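What follows is final23.pdb (PDB, C-alpha atoms and all ligand atoms).
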ATOM      1  CA  MET A   1      45.774 -92.862  42.031
ATOM      2  CA  GLY A   2      44.122 -91.440  38.913
ATOM      3  CA  LYS A   3      45.128 -88.260  37.197
ATOM      4  CA  PHE A   4      43.355 -85.232  38.603
ATOM      5  CA  SER A   5      43.624 -82.055  36.582
ATOM      6  CA  THR A   6      42.166 -78.662  37.296
ATOM      7  CA  PRO A   7      41.344 -75.964  34.749
ATOM      8  CA  GLU A   8      42.865 -72.509  34.977
ATOM      9  CA  GLU A   9      39.509 -70.849  34.381
ATOM     10  CA  ILE A  10      35.973 -72.010  34.990
ATOM     11  CA  ILE A  11      32.638 -70.656  33.898
ATOM     12  CA  TYR A  12      29.948 -71.645  36.361
ATOM     13  CA  VAL A  13      26.552 -71.516  34.677
ATOM     14  CA  CYS A  14      23.533 -71.677  36.915
ATOM     15  CA  THR A  15      21.008 -74.108  35.493
ATOM     16  CA  GLY A  16      18.754 -74.085  38.526
ATOM     17  CA  SER A  17      15.020 -73.793  38.115
ATOM     18  CA  LYS A  18      14.771 -70.021  37.479
ATOM     19  CA  CYS A  19      18.017 -69.599  35.547
ATOM     20  CA  GLY A  20      17.417 -72.750  33.555
ATOM     21  CA  LYS A  21      14.090 -71.437  32.297
ATOM     22  CA  LYS A  22      15.530 -68.003  31.532
ATOM     23  CA  GLY A  23      18.299 -69.247  29.283
ATOM     24  CA  GLY A  24      20.749 -70.898  31.664
ATOM     25  CA  LYS A  25      20.376 -74.372  30.177
ATOM     26  CA  ALA A  26      20.743 -73.080  26.631
ATOM     27  CA  MET A  27      23.795 -71.036  27.646
ATOM     28  CA  TYR A  28      25.376 -74.066  29.286
ATOM     29  CA  LYS A  29      24.971 -76.098  26.093
ATOM     30  CA  LEU A  30      26.253 -73.253  23.950
ATOM     31  CA  LEU A  31      29.351 -72.739  26.082
ATOM     32  CA  ARG A  32      30.095 -76.469  26.221
ATOM     33  CA  SER A  33      29.976 -76.565  22.473
ATOM     34  CA  TYR A  34      31.954 -73.343  22.045
ATOM     35  CA  LEU A  35      34.710 -74.491  24.393
ATOM     36  CA  LYS A  36      34.840 -78.080  23.224
ATOM     37  CA  HIS A  37      38.522 -77.809  22.310
ATOM     38  CA  ALA A  38      39.624 -75.302  24.934
ATOM     39  CA  LYS A  39      42.350 -76.665  27.156
ATOM     40  CA  THR A  40      42.334 -74.229  30.046
ATOM     41  CA  ILE A  41      38.708 -73.091  30.331
ATOM     42  CA  GLU A  42      36.009 -75.416  31.580
ATOM     43  CA  VAL A  43      32.254 -74.950  31.844
ATOM     44  CA  ILE A  44      30.469 -76.332  34.873
ATOM     45  CA  ARG A  45      26.774 -76.092  35.538
ATOM     46  CA  THR A  46      25.571 -75.392  39.006
ATOM     47  CA  ASP A  47      22.309 -75.671  40.800
ATOM     48  CA  CYS A  48      20.689 -72.547  42.245
ATOM     49  CA  THR A  49      23.181 -69.986  43.552
ATOM     50  CA  ASP A  50      20.545 -68.046  45.543
ATOM     51  CA  ARG A  51      20.475 -65.146  43.092
ATOM     52  CA  CYS A  52      17.237 -66.112  41.387
ATOM     53  CA  LYS A  53      15.890 -62.591  41.188
ATOM     54  CA  PHE A  54      18.747 -61.778  38.798
ATOM     55  CA  ALA A  55      18.302 -64.905  36.666
ATOM     56  CA  PRO A  56      19.971 -66.046  34.601
ATOM     57  CA  VAL A  57      23.349 -65.748  36.314
ATOM     58  CA  LEU A  58      26.788 -67.148  35.639
ATOM     59  CA  CYS A  59      30.277 -66.420  36.817
ATOM     60  CA  PHE A  60      33.818 -66.573  35.520
ATOM     61  CA  GLN A  61      36.474 -67.789  37.928
ATOM     62  CA  PRO A  62      39.111 -66.971  39.044
ATOM     63  CA  GLN A  63      38.254 -63.474  37.742
ATOM     64  CA  ASN A  64      35.135 -63.545  39.923
ATOM     65  CA  ILE A  65      33.105 -61.817  37.220
ATOM     66  CA  TRP A  66      29.395 -62.373  37.682
ATOM     67  CA  LEU A  67      26.861 -61.728  34.954
ATOM     68  CA  LYS A  68      23.202 -61.295  35.753
ATOM     69  CA  GLU A  69      20.257 -61.183  33.375
ATOM     70  CA  TYR A  70      22.855 -61.791  30.699
ATOM     71  CA  SER A  71      22.387 -61.937  26.969
ATOM     72  CA  GLU A  72      24.094 -64.499  24.787
ATOM     73  CA  ARG A  73      26.028 -61.694  23.105
ATOM     74  CA  GLU A  74      27.339 -60.341  26.416
ATOM     75  CA  VAL A  75      28.577 -63.761  27.538
ATOM     76  CA  LEU A  76      30.240 -64.559  24.230
ATOM     77  CA  GLN A  77      32.015 -61.191  24.143
ATOM     78  CA  LEU A  78      33.487 -61.794  27.573
ATOM     79  CA  LEU A  79      34.383 -65.350  26.664
ATOM     80  CA  GLU A  80      36.102 -64.161  23.503
ATOM     81  CA  LYS A  81      38.388 -62.016  25.638
ATOM     82  CA  LEU A  82      39.294 -65.037  27.755
ATOM     83  CA  VAL A  83      39.933 -67.210  24.721
ATOM     84  CA  GLN A  84      42.153 -64.534  23.190
ATOM     85  CA  LYS A  85      44.085 -64.398  26.446
ATOM     86  CA  GLU A  86      44.441 -68.175  26.394
ATOM     87  CA  GLU A  87      45.727 -68.123  22.827
ATOM     88  CA  SER A  88      48.179 -65.297  23.554
ATOM     89  CA  GLN A  89      49.619 -67.424  26.365
ATOM     90  CA  GLY A  90      50.309 -70.229  23.931
ATOM     91  CA  TYR A  91      47.806 -72.838  25.120
ATOM     92  CA  ASP A  92      46.379 -73.414  21.661
TER
HETATM   93  S1  LIG B   1      18.163 -70.708  39.793
HETATM   94 FE1  LIG B   1      19.944 -69.592  39.296
HETATM   95  S2  LIG B   1      20.245 -68.389  41.061
HETATM   96 FE2  LIG B   1      18.525 -69.569  41.579
END

When written as structure tokens, how does the structure in this file appear?
Ligand code: FES
Amino acid sequence: MGKFSTPEEIIYVCTGSKCGKKGGKAMYKLLRSYLKHAKTIEVIRTDCTDRCKFAPVLCFQPQNIWLKEYSEREVLQLLEKLVQKEESQGYD
């Protein structure tokens, strides 16, 4: 059997049709780049999450924090808090 690892935290970025056009695809790329060396946080893109009227949407798990109509600044601020938490726990 192969090694199967699971991240402690996941950011699900909707890149469905509506969200993708409203910044979801760009946010996915940005987060992938930003978290390239993170060991415990992973970014996963999702298809439509049935919240199109709030596009773009993403969510942080396991915190279950959902952001709607987000700005890049808002997402990065929240992410910075998670990264600081990760570093304070000695995962760096
Ligand atoms: S495309 Fe993102 S919620 Fe529908």

(message) I'd like to see the residues matched by the PyMOL selection byres (((chain A and resi 35) around 12) and not hetatm) on this file, and ideally I'd get them as a list in words.
(response)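 So the PyMOL selection byres (((chain A and resi 35) around 12) and not hetatm), applied here, picks out Glu9, Ile10, Ile11, Met27, Tyr28, Lys29, Leu30, Leu31, Arg32, Ser33, Tyr34, Lys36, His37, Ala38, Lys39, Thr40, Ile41, Glu42, Val43, Ile44, Leu76, Leu79, Glu80, Leu82, Val83 and Glu86 of chain A.
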
Please produce a file of the residues just selected, as a JSON list (two decimals), in the coordinates of the input, where the atoms kept are C-alpha atoms.
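The result, written out as result.json:
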[["chain", "number", "residue", "atom", "x", "y", "z"],
["A", 9, "GLU", "CA", 39.51, -70.85, 34.38],
["A", 10, "ILE", "CA", 35.97, -72.01, 34.99],
["A", 11, "ILE", "CA", 32.64, -70.66, 33.90],
["A", 27, "MET", "CA", 23.80, -71.04, 27.65],
["A", 28, "TYR", "CA", 25.38, -74.07, 29.29],
["A", 29, "LYS", "CA", 24.97, -76.10, 26.09],
["A", 30, "LEU", "CA", 26.25, -73.25, 23.95],
["A", 31, "LEU", "CA", 29.35, -72.74, 26.08],
["A", 32, "ARG", "CA", 30.10, -76.47, 26.22],
["A", 33, "SER", "CA", 29.98, -76.56, 22.47],
["A", 34, "TYR", "CA", 31.95, -73.34, 22.04],
["A", 36, "LYS", "CA", 34.84, -78.08, 23.22],
["A", 37, "HIS", "CA", 38.52, -77.81, 22.31],
["A", 38, "ALA", "CA", 39.62, -75.30, 24.93],
["A", 39, "LYS", "CA", 42.35, -76.67, 27.16],
["A", 40, "THR", "CA", 42.33, -74.23, 30.05],
["A", 41, "ILE", "CA", 38.71, -73.09, 30.33],
["A", 42, "GLU", "CA", 36.01, -75.42, 31.58],
["A", 43, "VAL", "CA", 32.25, -74.95, 31.84],
["A", 44, "ILE", "CA", 30.47, -76.33, 34.87],
["A", 76, "LEU", "CA", 30.24, -64.56, 24.23],
["A", 79, "LEU", "CA", 34.38, -65.35, 26.66],
["A", 80, "GLU", "CA", 36.10, -64.16, 23.50],
["A", 82, "LEU", "CA", 39.29, -65.04, 27.76],
["A", 83, "VAL", "CA", 39.93, -67.21, 24.72],
["A", 86, "GLU", "CA", 44.44, -68.18, 26.39]]

(request) List all protein, DNA and RNA residues that have any atom at most 12 Å from ligand LIG 1 (chain B), counting all atoms listed in the file, and write the list as a ChimeraX atom specification. (result) /A:12-25,45-59,66-70

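In this structure, CA of Val75 in chain A sits 10.0 Å away from CA of Phe60 in chain A.
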
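What separates CA of Gln89 in chain A from CA of Glu8 in chain A is a distance of 12.1 Å.
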
(message) Between CA of Ala26 in chain A and CA of Glu74 in chain A, what distance in Å does the model show, to one decimal?
(response)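 Result for CA of Ala26 in chain A versus CA of Glu74 in chain A: 14.3 Å, one decimal.
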
Box for range 14-19 of chain A - axis-aligned, 6 Å on each of the six sides, all listed atoms - centre and size in Å to one decimal, as lines of an AutoDock Vina configuration file.
center_x = 19.2
center_y = -71.9
center_z = 37.0
size_x = 20.8
size_y = 16.5
size_z = 15.0
